[in-house]
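K.L.:
For reference, the file coords04.pdb (PDB, C-alpha atoms and all ligand atoms) is included below:
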ATOM      1  CA  MET S   1     136.237  83.320  62.073  1.00  0.00           C
ATOM      2  CA  ALA S   2     133.278  85.703  62.182  1.00  0.00           C
ATOM      3  CA  ARG S   3     133.496  88.927  64.094  1.00  0.00           C
ATOM      4  CA  VAL S   4     130.226  90.732  64.516  1.00  0.00           C
ATOM      5  CA  SER S   5     130.366  94.512  64.278  1.00  0.00           C
ATOM      6  CA  LEU S   6     129.356  95.913  67.650  1.00  0.00           C
ATOM      7  CA  PRO S   7     127.465  97.738  68.924  1.00  0.00           C
ATOM      8  CA  ILE S   8     124.279  96.977  67.018  1.00  0.00           C
ATOM      9  CA  THR S   9     121.859  99.866  67.191  1.00  0.00           C
ATOM     10  CA  THR S  10     118.132  99.464  66.679  1.00  0.00           C
ATOM     11  CA  ASP S  11     115.370 102.052  66.947  1.00  0.00           C
ATOM     12  CA  ARG S  12     115.289 101.884  70.736  1.00  0.00           C
ATOM     13  CA  LEU S  13     118.106  99.572  71.821  1.00  0.00           C
ATOM     14  CA  VAL S  14     121.835  99.031  71.747  1.00  0.00           C
ATOM     15  CA  LEU S  15     123.173  95.463  71.599  1.00  0.00           C
ATOM     16  CA  ARG S  16     126.753  95.276  72.771  1.00  0.00           C
ATOM     17  CA  SER S  17     129.295  93.119  74.517  1.00  0.00           C
ATOM     18  CA  PHE S  18     128.984  92.867  78.305  1.00  0.00           C
ATOM     19  CA  ARG S  19     131.405  94.969  80.299  1.00  0.00           C
ATOM     20  CA  PRO S  20     132.359  95.646  83.915  1.00  0.00           C
ATOM     21  CA  GLY S  21     129.671  97.762  85.542  1.00  0.00           C
ATOM     22  CA  ASP S  22     126.780  95.698  84.078  1.00  0.00           C
ATOM     23  CA  GLU S  23     126.558  93.469  87.156  1.00  0.00           C
ATOM     24  CA  ASP S  24     123.769  95.315  88.996  1.00  0.00           C
ATOM     25  CA  ASP S  25     121.508  95.435  85.954  1.00  0.00           C
ATOM     26  CA  VAL S  26     122.103  91.784  85.093  1.00  0.00           C
ATOM     27  CA  PHE S  27     121.683  90.624  88.694  1.00  0.00           C
ATOM     28  CA  ALA S  28     118.331  92.423  88.810  1.00  0.00           C
ATOM     29  CA  TYR S  29     116.826  89.981  86.296  1.00  0.00           C
ATOM     30  CA  ARG S  30     119.081  86.909  86.348  1.00  0.00           C
ATOM     31  CA  SER S  31     118.468  86.462  90.083  1.00  0.00           C
ATOM     32  CA  VAL S  32     114.689  86.218  89.681  1.00  0.00           C
ATOM     33  CA  ALA S  33     113.193  82.707  89.855  1.00  0.00           C
ATOM     34  CA  SER S  34     110.346  83.422  87.410  1.00  0.00           C
ATOM     35  CA  VAL S  35     112.813  84.754  84.835  1.00  0.00           C
ATOM     36  CA  VAL S  36     114.967  81.615  84.818  1.00  0.00           C
ATOM     37  CA  ARG S  37     112.068  79.174  84.989  1.00  0.00           C
ATOM     38  CA  TYR S  38     112.382  78.218  81.323  1.00  0.00           C
ATOM     39  CA  ILE S  39     116.110  78.673  80.881  1.00  0.00           C
ATOM     40  CA  PRO S  40     118.921  76.452  82.126  1.00  0.00           C
ATOM     41  CA  GLY S  41     120.229  77.046  85.604  1.00  0.00           C
ATOM     42  CA  GLU S  42     118.998  78.449  88.859  1.00  0.00           C
ATOM     43  CA  PRO S  43     118.613  82.125  89.816  1.00  0.00           C
ATOM     44  CA  LYS S  44     122.115  83.563  89.855  1.00  0.00           C
ATOM     45  CA  THR S  45     123.973  84.834  92.876  1.00  0.00           C
ATOM     46  CA  ARG S  46     125.779  88.128  92.672  1.00  0.00           C
ATOM     47  CA  GLU S  47     129.096  86.259  92.355  1.00  0.00           C
ATOM     48  CA  GLN S  48     127.779  84.152  89.479  1.00  0.00           C
ATOM     49  CA  VAL S  49     126.598  87.292  87.722  1.00  0.00           C
ATOM     50  CA  GLU S  50     130.093  88.754  88.026  1.00  0.00           C
ATOM     51  CA  ASP S  51     131.507  85.630  86.336  1.00  0.00           C
ATOM     52  CA  LEU S  52     128.821  85.733  83.675  1.00  0.00           C
ATOM     53  CA  VAL S  53     129.532  89.371  82.835  1.00  0.00           C
ATOM     54  CA  SER S  54     133.271  88.805  82.564  1.00  0.00           C
ATOM     55  CA  GLU S  55     132.896  85.592  80.522  1.00  0.00           C
ATOM     56  CA  ARG S  56     130.666  87.351  78.041  1.00  0.00           C
ATOM     57  CA  ALA S  57     132.928  90.244  77.209  1.00  0.00           C
ATOM     58  CA  THR S  58     133.450  88.584  73.830  1.00  0.00           C
ATOM     59  CA  ALA S  59     134.169  91.537  71.551  1.00  0.00           C
ATOM     60  CA  GLY S  60     131.796  90.068  69.015  1.00  0.00           C
ATOM     61  CA  ARG S  61     133.767  86.952  68.160  1.00  0.00           C
ATOM     62  CA  ILE S  62     131.736  83.917  67.093  1.00  0.00           C
ATOM     63  CA  ASP S  63     133.233  80.791  65.563  1.00  0.00           C
ATOM     64  CA  GLU S  64     133.774  77.108  66.271  1.00  0.00           C
ATOM     65  CA  GLN S  65     136.097  77.898  69.200  1.00  0.00           C
ATOM     66  CA  HIS S  66     133.717  80.565  70.531  1.00  0.00           C
ATOM     67  CA  PRO S  67     130.275  79.323  69.476  1.00  0.00           C
ATOM     68  CA  ASN S  68     128.337  81.416  71.989  1.00  0.00           C
ATOM     69  CA  LEU S  69     127.736  85.105  71.370  1.00  0.00           C
ATOM     70  CA  THR S  70     125.646  86.636  74.142  1.00  0.00           C
ATOM     71  CA  LEU S  71     124.996  90.353  73.920  1.00  0.00           C
ATOM     72  CA  ALA S  72     123.771  92.798  76.510  1.00  0.00           C
ATOM     73  CA  VAL S  73     120.665  94.702  75.444  1.00  0.00           C
ATOM     74  CA  GLU S  74     120.770  98.278  76.615  1.00  0.00           C
ATOM     75  CA  LEU S  75     117.856 100.684  76.882  1.00  0.00           C
ATOM     76  CA  ASP S  76     118.728 104.252  77.843  1.00  0.00           C
ATOM     77  CA  GLY S  77     121.975 103.128  79.486  1.00  0.00           C
ATOM     78  CA  ARG S  78     120.481 100.214  81.428  1.00  0.00           C
ATOM     79  CA  VAL S  79     121.012  96.542  80.542  1.00  0.00           C
ATOM     80  CA  ILE S  80     117.457  95.210  80.344  1.00  0.00           C
ATOM     81  CA  GLY S  81     118.224  91.748  79.013  1.00  0.00           C
ATOM     82  CA  ASP S  82     120.427  89.595  76.885  1.00  0.00           C
ATOM     83  CA  VAL S  83     120.172  87.802  73.588  1.00  0.00           C
ATOM     84  CA  LEU S  84     122.116  84.736  72.594  1.00  0.00           C
ATOM     85  CA  LEU S  85     123.399  83.320  69.335  1.00  0.00           C
ATOM     86  CA  LEU S  86     124.796  79.811  69.668  1.00  0.00           C
ATOM     87  CA  LEU S  87     126.439  78.177  66.652  1.00  0.00           C
ATOM     88  CA  ALA S  88     125.677  74.505  66.201  1.00  0.00           C
ATOM     89  CA  GLY S  89     128.620  72.152  66.517  1.00  0.00           C
ATOM     90  CA  PRO S  90     130.439  70.350  63.709  1.00  0.00           C
ATOM     91  CA  ASP S  91     127.412  68.148  63.096  1.00  0.00           C
ATOM     92  CA  GLY S  92     125.472  71.326  62.350  1.00  0.00           C
ATOM     93  CA  ALA S  93     127.121  71.676  58.935  1.00  0.00           C
ATOM     94  CA  ASP S  94     130.152  73.771  59.935  1.00  0.00           C
ATOM     95  CA  GLY S  95     128.479  76.410  61.989  1.00  0.00           C
ATOM     96  CA  LYS S  96     125.825  77.098  59.394  1.00  0.00           C
ATOM     97  CA  GLN S  97     123.010  76.815  61.886  1.00  0.00           C
ATOM     98  CA  ALA S  98     122.498  78.772  65.064  1.00  0.00           C
ATOM     99  CA  GLU S  99     120.157  78.775  68.019  1.00  0.00           C
ATOM    100  CA  ILE S 100     118.836  82.062  69.333  1.00  0.00           C
ATOM    101  CA  GLY S 101     117.565  82.864  72.807  1.00  0.00           C
ATOM    102  CA  TRP S 102     116.504  85.793  74.991  1.00  0.00           C
ATOM    103  CA  VAL S 103     116.076  86.778  78.614  1.00  0.00           C
ATOM    104  CA  PHE S 104     114.634  90.118  79.709  1.00  0.00           C
ATOM    105  CA  ALA S 105     113.867  91.924  82.938  1.00  0.00           C
ATOM    106  CA  PRO S 106     110.203  91.492  83.886  1.00  0.00           C
ATOM    107  CA  ASP S 107     109.622  95.205  84.476  1.00  0.00           C
ATOM    108  CA  VAL S 108     110.243  96.010  80.789  1.00  0.00           C
ATOM    109  CA  ALA S 109     107.971  93.261  79.440  1.00  0.00           C
ATOM    110  CA  GLY S 110     105.225  94.083  77.017  1.00  0.00           C
ATOM    111  CA  ASN S 111     107.047  96.757  75.028  1.00  0.00           C
ATOM    112  CA  GLY S 112     108.460  94.718  72.168  1.00  0.00           C
ATOM    113  CA  TYR S 113     112.065  95.055  73.319  1.00  0.00           C
ATOM    114  CA  ALA S 114     112.731  91.307  73.230  1.00  0.00           C
ATOM    115  CA  THR S 115     111.351  91.075  69.701  1.00  0.00           C
ATOM    116  CA  GLU S 116     113.362  94.102  68.578  1.00  0.00           C
ATOM    117  CA  ALA S 117     116.606  92.651  69.986  1.00  0.00           C
ATOM    118  CA  ALA S 118     115.854  89.143  68.701  1.00  0.00           C
ATOM    119  CA  ARG S 119     115.289  90.565  65.246  1.00  0.00           C
ATOM    120  CA  ALA S 120     118.624  92.340  65.365  1.00  0.00           C
ATOM    121  CA  ILE S 121     120.565  89.239  66.400  1.00  0.00           C
ATOM    122  CA  THR S 122     118.754  87.134  63.811  1.00  0.00           C
ATOM    123  CA  ASP S 123     119.755  89.656  61.178  1.00  0.00           C
ATOM    124  CA  VAL S 124     123.380  89.396  62.345  1.00  0.00           C
ATOM    125  CA  ALA S 125     123.184  85.598  62.204  1.00  0.00           C
ATOM    126  CA  PHE S 126     122.056  85.620  58.591  1.00  0.00           C
ATOM    127  CA  ARG S 127     123.951  88.607  57.246  1.00  0.00           C
ATOM    128  CA  GLU S 128     127.197  88.732  59.195  1.00  0.00           C
ATOM    129  CA  VAL S 129     127.779  85.215  60.487  1.00  0.00           C
ATOM    130  CA  GLY S 130     126.272  83.716  57.339  1.00  0.00           C
ATOM    131  CA  VAL S 131     124.170  80.954  58.830  1.00  0.00           C
ATOM    132  CA  HIS S 132     121.645  79.112  56.737  1.00  0.00           C
ATOM    133  CA  ARG S 133     119.091  78.431  59.495  1.00  0.00           C
ATOM    134  CA  VAL S 134     118.197  79.961  62.830  1.00  0.00           C
ATOM    135  CA  TRP S 135     116.140  78.081  65.374  1.00  0.00           C
ATOM    136  CA  ALA S 136     114.755  78.463  68.868  1.00  0.00           C
ATOM    137  CA  GLU S 137     113.793  75.806  71.392  1.00  0.00           C
ATOM    138  CA  LEU S 138     111.224  76.432  74.068  1.00  0.00           C
ATOM    139  CA  GLU S 139     108.541  74.974  76.223  1.00  0.00           C
ATOM    140  CA  PRO S 140     105.231  75.660  74.496  1.00  0.00           C
ATOM    141  CA  GLU S 141     103.771  76.796  77.808  1.00  0.00           C
ATOM    142  CA  ASN S 142     106.278  79.678  77.662  1.00  0.00           C
ATOM    143  CA  THR S 143     103.822  81.560  75.495  1.00  0.00           C
ATOM    144  CA  ALA S 144     105.614  84.918  75.785  1.00  0.00           C
ATOM    145  CA  SER S 145     108.690  83.344  74.205  1.00  0.00           C
ATOM    146  CA  ALA S 146     106.633  81.554  71.563  1.00  0.00           C
ATOM    147  CA  ARG S 147     105.108  84.904  70.608  1.00  0.00           C
ATOM    148  CA  VAL S 148     108.579  86.389  70.136  1.00  0.00           C
ATOM    149  CA  CYS S 149     109.324  83.564  67.668  1.00  0.00           C
ATOM    150  CA  GLU S 150     106.070  84.193  65.858  1.00  0.00           C
ATOM    151  CA  ARG S 151     106.700  87.930  65.618  1.00  0.00           C
ATOM    152  CA  LEU S 152     110.076  87.115  64.040  1.00  0.00           C
ATOM    153  CA  GLY S 153     108.243  85.083  61.417  1.00  0.00           C
ATOM    154  CA  MET S 154     109.611  81.763  62.641  1.00  0.00           C
ATOM    155  CA  ARG S 155     107.811  78.579  61.771  1.00  0.00           C
ATOM    156  CA  ARG S 156     106.771  76.183  64.496  1.00  0.00           C
ATOM    157  CA  GLU S 157     108.269  73.017  63.063  1.00  0.00           C
ATOM    158  CA  ALA S 158     107.843  70.500  65.822  1.00  0.00           C
ATOM    159  CA  VAL S 159     106.648  69.812  69.306  1.00  0.00           C
ATOM    160  CA  PHE S 160     108.253  66.890  71.062  1.00  0.00           C
ATOM    161  CA  VAL S 161     105.795  65.781  73.695  1.00  0.00           C
ATOM    162  CA  LYS S 162     107.580  65.205  76.991  1.00  0.00           C
ATOM    163  CA  GLY S 163     110.709  65.143  74.853  1.00  0.00           C
ATOM    164  CA  SER S 164     112.990  67.065  77.156  1.00  0.00           C
ATOM    165  CA  TRP S 165     114.244  66.342  80.669  1.00  0.00           C
ATOM    166  CA  PHE S 166     114.508  69.838  82.083  1.00  0.00           C
ATOM    167  CA  LYS S 167     114.701  70.968  85.680  1.00  0.00           C
ATOM    168  CA  GLU S 168     113.876  67.560  87.065  1.00  0.00           C
ATOM    169  CA  ARG S 169     110.793  66.922  84.954  1.00  0.00           C
ATOM    170  CA  TRP S 170     109.758  65.837  81.487  1.00  0.00           C
ATOM    171  CA  THR S 171     108.658  68.829  79.456  1.00  0.00           C
ATOM    172  CA  ASP S 172     107.308  69.431  75.970  1.00  0.00           C
ATOM    173  CA  LEU S 173     109.796  71.008  73.591  1.00  0.00           C
ATOM    174  CA  ALA S 174     108.797  73.201  70.637  1.00  0.00           C
ATOM    175  CA  ILE S 175     111.187  73.985  67.802  1.00  0.00           C
ATOM    176  CA  TYR S 176     110.781  77.190  65.824  1.00  0.00           C
ATOM    177  CA  ALA S 177     112.967  77.947  62.804  1.00  0.00           C
ATOM    178  CA  LEU S 178     113.630  80.310  59.969  1.00  0.00           C
ATOM    179  CA  LEU S 179     115.768  79.947  56.839  1.00  0.00           C
ATOM    180  CA  GLU S 180     118.055  82.564  55.391  1.00  0.00           C
ATOM    181  CA  ASP S 181     115.968  82.966  52.243  1.00  0.00           C
ATOM    182  CA  GLU S 182     112.886  83.567  54.387  1.00  0.00           C
ATOM    183  CA  TRP S 183     114.462  86.495  56.208  1.00  0.00           C
ATOM    184  CA  PRO S 184     113.310  89.842  54.839  1.00  0.00           C
ATOM    185  CA  THR S 185     115.996  91.891  53.158  1.00  0.00           C
ATOM    186  CA  SER S 186     114.634  95.103  54.658  1.00  0.00           C
ATOM    187  CA  ALA S 187     116.350  96.506  57.724  1.00  0.00           C
ATOM    188  CA  ALA S 188     115.652  94.487  60.857  1.00  0.00           C
ATOM    189  CA  THR S 189     116.471  97.196  63.318  1.00  0.00           C
ATOM    190  CA  SER S 190     113.181  99.026  63.563  1.00  0.00           C
ATOM    191  CA  ALA S 191     110.832  98.668  66.501  1.00  0.00           C
ATOM    192  CA  PRO S 192     108.238  95.994  65.825  1.00  0.00           C
ATOM    193  CA  ALA S 193     104.605  96.980  65.474  1.00  0.00           C
ATOM    194  CA  PRO S 194     102.717  96.328  68.724  1.00  0.00           C
TER     195      PRO S 194
HETATM  196  C1  LIG A   1     110.384  85.618  76.648  1.00  0.00           C
HETATM  197  C2  LIG A   1     110.417  87.117  76.987  1.00  0.00           C
HETATM  198  C3  LIG A   1     111.733  87.707  76.522  1.00  0.00           C
HETATM  199  C4  LIG A   1     109.250  87.779  76.263  1.00  0.00           C
HETATM  200  O1  LIG A   1     109.136  89.127  76.711  1.00  0.00           O
HETATM  201  P1  LIG A   1     107.952  90.059  76.156  1.00  0.00           P
HETATM  202  O2  LIG A   1     108.002  91.315  76.901  1.00  0.00           O
HETATM  203  O3  LIG A   1     106.677  89.301  76.133  1.00  0.00           O
HETATM  204  O4  LIG A   1     108.353  90.262  74.632  1.00  0.00           O
HETATM  205  P2  LIG A   1     108.541  91.633  73.861  1.00  0.00           P
HETATM  206  O5  LIG A   1     109.516  92.477  74.586  1.00  0.00           O
HETATM  207  O6  LIG A   1     108.843  91.319  72.466  1.00  0.00           O
HETATM  208  O7  LIG A   1     107.123  92.330  74.005  1.00  0.00           O
HETATM  209  C5  LIG A   1     106.031  91.795  73.294  1.00  0.00           C
HETATM  210  C6  LIG A   1     104.750  92.282  73.894  1.00  0.00           C
HETATM  211  O8  LIG A   1     104.774  93.697  73.959  1.00  0.00           O
HETATM  212  C7  LIG A   1     103.670  94.245  73.221  1.00  0.00           C
HETATM  213  N1  LIG A   1     104.166  95.468  72.605  1.00  0.00           N
HETATM  214  C8  LIG A   1     103.940  96.718  73.066  1.00  0.00           C
HETATM  215  N2  LIG A   1     104.561  97.612  72.322  1.00  0.00           N
HETATM  216  C9  LIG A   1     105.200  96.925  71.363  1.00  0.00           C
HETATM  217  C10 LIG A   1     106.014  97.299  70.282  1.00  0.00           C
HETATM  218  N3  LIG A   1     106.330  98.570  70.029  1.00  0.00           N
HETATM  219  N4  LIG A   1     106.490  96.343  69.507  1.00  0.00           N
HETATM  220  C11 LIG A   1     106.207  95.043  69.731  1.00  0.00           C
HETATM  221  N5  LIG A   1     105.447  94.614  70.739  1.00  0.00           N
HETATM  222  C12 LIG A   1     104.948  95.564  71.554  1.00  0.00           C
HETATM  223  C13 LIG A   1     103.301  93.155  72.243  1.00  0.00           C
HETATM  224  O9  LIG A   1     101.961  93.277  71.836  1.00  0.00           O
HETATM  225  C14 LIG A   1     103.544  91.924  73.046  1.00  0.00           C
HETATM  226  O10 LIG A   1     102.464  91.692  73.912  1.00  0.00           O
HETATM  227  P3  LIG A   1     101.808  90.219  74.022  1.00  0.00           P
HETATM  228  O11 LIG A   1     102.840  89.359  74.616  1.00  0.00           O
HETATM  229  O12 LIG A   1     100.660  90.440  74.927  1.00  0.00           O
HETATM  230  O13 LIG A   1     101.479  89.775  72.666  1.00  0.00           O
HETATM  231  C15 LIG A   1     110.273  87.317  78.517  1.00  0.00           C
HETATM  232  O14 LIG A   1     109.050  86.792  78.920  1.00  0.00           O
HETATM  233  C16 LIG A   1     111.389  86.671  79.327  1.00  0.00           C
HETATM  234  O15 LIG A   1     112.491  87.209  79.429  1.00  0.00           O
HETATM  235  N6  LIG A   1     111.102  85.510  79.938  1.00  0.00           N
HETATM  236  C17 LIG A   1     112.061  84.856  80.800  1.00  0.00           C
HETATM  237  C18 LIG A   1     113.187  84.215  80.053  1.00  0.00           C
HETATM  238  C19 LIG A   1     112.702  83.204  79.046  1.00  0.00           C
HETATM  239  O16 LIG A   1     111.783  82.440  79.307  1.00  0.00           O
HETATM  240  N7  LIG A   1     113.371  83.174  77.889  1.00  0.00           N
HETATM  241  C20 LIG A   1     113.031  82.299  76.803  1.00  0.00           C
HETATM  242  C21 LIG A   1     113.438  80.919  77.050  1.00  0.00           C
HETATM  243  S1  LIG A   1     112.946  79.888  75.702  1.00  0.00           S
END
Would you kindly transcribe this structure into structure tokens?
P.N.:
Amino acid sequence: MARVSLPITTDRLVLRSFRPGDEDDVFAYRSVASVVRYIPGEPKTREQVEDLVSERATAGRIDEQHPNLTLAVELDGRVIGDVLLLLAGPDGADGKQAEIGWVFAPDVAGNGYATEAARAITDVAFREVGVHRVWAELEPENTASARVCERLGMRREAVFVKGSWFKERWTDLAIYALLEDEWPTSAATSAPAP
């Protein structure tokens, strides 16, 4: 079992487990249609956000029984987004590969917060969880997300044309990835350069 040491502190952000009291902040972005356009599910109701916050109070545990580690990203006491680390199943070589993802409030866009948080969770994946490969899946038209991958140094390895049935339509699917030995050994917690 891997237990990630929380909170994770970066130059500007704190990544931590969700906790009661986060509901208003999370509802503010998870209820917005444009925010969930490229992620599974519909805009969340207040009730769904309450469930989501309580389900994600994980205390940093990530293993085969709890493959999903989603952390709240806090800026000056406000939850501005969340980042996800999802261990691949048994066919993913015993949890040695993980998918990463991110969702942030639109009003904080354009400041590098998503990149800073994604870097921190990637660092945790390689150094604490011990995965061999981290990947991200996205629609290439989600250029903001693609740029986060690129700023992390991920390689665009594939684009499956109309390879994904998502939200009632066929969409292109890009795969970005990074290997452990490609991840810089220097600290990953500093704010990225604009
Ligand atoms: C994907 C998403 C997280 C990207 O957010 P973002 O604000 O573009 O990303 P960052 O926070 O890393 O900010 C990067 C931008 O800030 C700018 N910036 C300003 N100051 C910066 C700094 N100190 N460091 C880094 N970038 C900085 C960068 O130049 C960059 O601008 P650009 O996009 O014009 O190149 C956001 O669009 C989102 O939450 N979308 C909805 C959910 C979603 O689609 N998730 C992904 C599903 S695959």
K.L.:
Can you tell me which residues sit at most 8 Å away from ligand LIG 1 (chain A), counting all atoms listed in the file, written as an MDAnalysis selection string?
P.N.:
chainID S and resid 34:39 81 101:106 108:116 136:139 142:148 151 191:194
K.L.:
Quick one: pull the distance between CA of Pro7 (chain S) and CA of Phe126 (chain S), Å, one decimal.
P.N.:
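Between CA of Pro7 (chain S) and CA of Phe126 (chain S) the gap works out to 16.8 Å.
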K.L.:
Applying the PyMOL selection byres (((chain S and resi 66-74) around 10) and not hetatm) to the file I just gave you, which residues come out? Please list them as a PyMOL selection string.
P.N.:
chain S and resi 1-2+4+6-9+12-19+22+25-26+53+55-65+75-89+95+98-104+113-114+117-118+121
K.L.:
Go through S:Pro40, S:Leu152, S:Phe27, S:Glu180 and flag the residue nearest Val129 (chain S), using only C-alpha atoms for the distances.
P.N.:
S:Glu180
K.L.:
Kindly compute an axis-aligned box around the listed atoms of region 136-141 of chain S, allowing 6 Å on each side, and express its centre and edge lengths in Å to one decimal as lines of an AutoDock Vina configuration file.
P.N.:
center_x = 109.3
center_y = 76.7
center_z = 73.3
size_x = 23.0
size_y = 15.5
size_z = 20.9
K.L.:
Grab the CA of Glu128 (chain S) to CA of Pro184 (chain S) distance for me, in Å with one decimal place.
P.N.:
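The value is 14.6 Å.
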K.L.:
Would you fill out region 148-156 of chain S with all heavy atoms and return it as a PDB file, keeping the file's coordinate frame?
P.N.:
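Output below, filename result39.pdb:
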ATOM      1  N   VAL S 148     107.402  85.727  70.720  1.00  0.00           N
ATOM      2  CA  VAL S 148     108.579  86.389  70.136  1.00  0.00           C
ATOM      3  C   VAL S 148     108.953  85.669  68.833  1.00  0.00           C
ATOM      4  O   VAL S 148     109.175  86.304  67.792  1.00  0.00           O
ATOM      5  CB  VAL S 148     109.777  86.401  71.123  1.00  0.00           C
ATOM      6  CG1 VAL S 148     111.031  86.935  70.435  1.00  0.00           C
ATOM      7  CG2 VAL S 148     109.459  87.242  72.361  1.00  0.00           C
ATOM      8  N   CYS S 149     108.999  84.342  68.883  1.00  0.00           N
ATOM      9  CA  CYS S 149     109.324  83.564  67.668  1.00  0.00           C
ATOM     10  C   CYS S 149     108.347  83.896  66.543  1.00  0.00           C
ATOM     11  O   CYS S 149     108.743  84.094  65.385  1.00  0.00           O
ATOM     12  CB  CYS S 149     109.246  82.069  67.953  1.00  0.00           C
ATOM     13  SG  CYS S 149     110.494  81.463  69.085  1.00  0.00           S
ATOM     14  N   GLU S 150     107.085  83.932  66.887  1.00  0.00           N
ATOM     15  CA  GLU S 150     106.070  84.193  65.858  1.00  0.00           C
ATOM     16  C   GLU S 150     106.215  85.591  65.277  1.00  0.00           C
ATOM     17  O   GLU S 150     106.090  85.795  64.069  1.00  0.00           O
ATOM     18  CB  GLU S 150     104.669  83.970  66.441  1.00  0.00           C
ATOM     19  CG  GLU S 150     104.366  82.477  66.568  1.00  0.00           C
ATOM     20  CD  GLU S 150     103.321  82.149  67.624  1.00  0.00           C
ATOM     21  OE1 GLU S 150     102.630  83.084  68.098  1.00  0.00           O
ATOM     22  OE2 GLU S 150     103.220  80.961  67.990  1.00  0.00           O
ATOM     23  N   ARG S 151     106.514  86.567  66.142  1.00  0.00           N
ATOM     24  CA  ARG S 151     106.700  87.930  65.618  1.00  0.00           C
ATOM     25  C   ARG S 151     107.927  88.021  64.711  1.00  0.00           C
ATOM     26  O   ARG S 151     107.971  88.871  63.826  1.00  0.00           O
ATOM     27  CB  ARG S 151     106.787  88.942  66.771  1.00  0.00           C
ATOM     28  CG  ARG S 151     105.414  89.325  67.322  1.00  0.00           C
ATOM     29  CD  ARG S 151     105.520  90.504  68.283  1.00  0.00           C
ATOM     30  NE  ARG S 151     106.186  90.111  69.500  1.00  0.00           N
ATOM     31  CZ  ARG S 151     105.565  89.630  70.588  1.00  0.00           C
ATOM     32  NH1 ARG S 151     104.258  89.527  70.615  1.00  0.00           N
ATOM     33  NH2 ARG S 151     106.257  89.288  71.657  1.00  0.00           N
ATOM     34  N   LEU S 152     108.903  87.133  64.924  1.00  0.00           N
ATOM     35  CA  LEU S 152     110.076  87.115  64.040  1.00  0.00           C
ATOM     36  C   LEU S 152     109.757  86.438  62.707  1.00  0.00           C
ATOM     37  O   LEU S 152     110.577  86.456  61.794  1.00  0.00           O
ATOM     38  CB  LEU S 152     111.230  86.335  64.683  1.00  0.00           C
ATOM     39  CG  LEU S 152     111.960  86.950  65.854  1.00  0.00           C
ATOM     40  CD1 LEU S 152     113.135  86.077  66.248  1.00  0.00           C
ATOM     41  CD2 LEU S 152     112.465  88.334  65.530  1.00  0.00           C
ATOM     42  N   GLY S 153     108.606  85.804  62.642  1.00  0.00           N
ATOM     43  CA  GLY S 153     108.243  85.083  61.417  1.00  0.00           C
ATOM     44  C   GLY S 153     108.741  83.647  61.420  1.00  0.00           C
ATOM     45  O   GLY S 153     108.775  82.993  60.372  1.00  0.00           O
ATOM     46  N   MET S 154     109.118  83.142  62.582  1.00  0.00           N
ATOM     47  CA  MET S 154     109.611  81.763  62.641  1.00  0.00           C
ATOM     48  C   MET S 154     108.452  80.780  62.503  1.00  0.00           C
ATOM     49  O   MET S 154     107.327  81.069  62.906  1.00  0.00           O
ATOM     50  CB  MET S 154     110.346  81.515  63.965  1.00  0.00           C
ATOM     51  CG  MET S 154     111.562  82.391  64.137  1.00  0.00           C
ATOM     52  SD  MET S 154     112.395  82.094  65.711  1.00  0.00           S
ATOM     53  CE  MET S 154     113.710  81.020  65.182  1.00  0.00           C
ATOM     54  N   ARG S 155     108.800  79.642  61.974  1.00  0.00           N
ATOM     55  CA  ARG S 155     107.811  78.579  61.771  1.00  0.00           C
ATOM     56  C   ARG S 155     107.901  77.593  62.936  1.00  0.00           C
ATOM     57  O   ARG S 155     109.000  77.202  63.320  1.00  0.00           O
ATOM     58  CB  ARG S 155     108.198  77.878  60.455  1.00  0.00           C
ATOM     59  CG  ARG S 155     107.342  76.769  59.976  1.00  0.00           C
ATOM     60  CD  ARG S 155     107.813  76.235  58.622  1.00  0.00           C
ATOM     61  NE  ARG S 155     109.276  76.209  58.520  1.00  0.00           N
ATOM     62  CZ  ARG S 155     109.978  77.053  57.756  1.00  0.00           C
ATOM     63  NH1 ARG S 155     109.385  77.941  57.006  1.00  0.00           N
ATOM     64  NH2 ARG S 155     111.311  76.972  57.732  1.00  0.00           N
ATOM     65  N   ARG S 156     106.756  77.230  63.460  1.00  0.00           N
ATOM     66  CA  ARG S 156     106.771  76.183  64.496  1.00  0.00           C
ATOM     67  C   ARG S 156     106.868  74.852  63.772  1.00  0.00           C
ATOM     68  O   ARG S 156     105.931  74.446  63.089  1.00  0.00           O
ATOM     69  CB  ARG S 156     105.497  76.269  65.327  1.00  0.00           C
ATOM     70  CG  ARG S 156     105.417  75.256  66.425  1.00  0.00           C
ATOM     71  CD  ARG S 156     104.573  75.832  67.541  1.00  0.00           C
ATOM     72  NE  ARG S 156     103.833  74.807  68.238  1.00  0.00           N
ATOM     73  CZ  ARG S 156     103.302  75.026  69.442  1.00  0.00           C
ATOM     74  NH1 ARG S 156     103.412  76.196  70.022  1.00  0.00           N
ATOM     75  NH2 ARG S 156     102.642  74.088  70.049  1.00  0.00           N
TER      76      ARG S 156
END
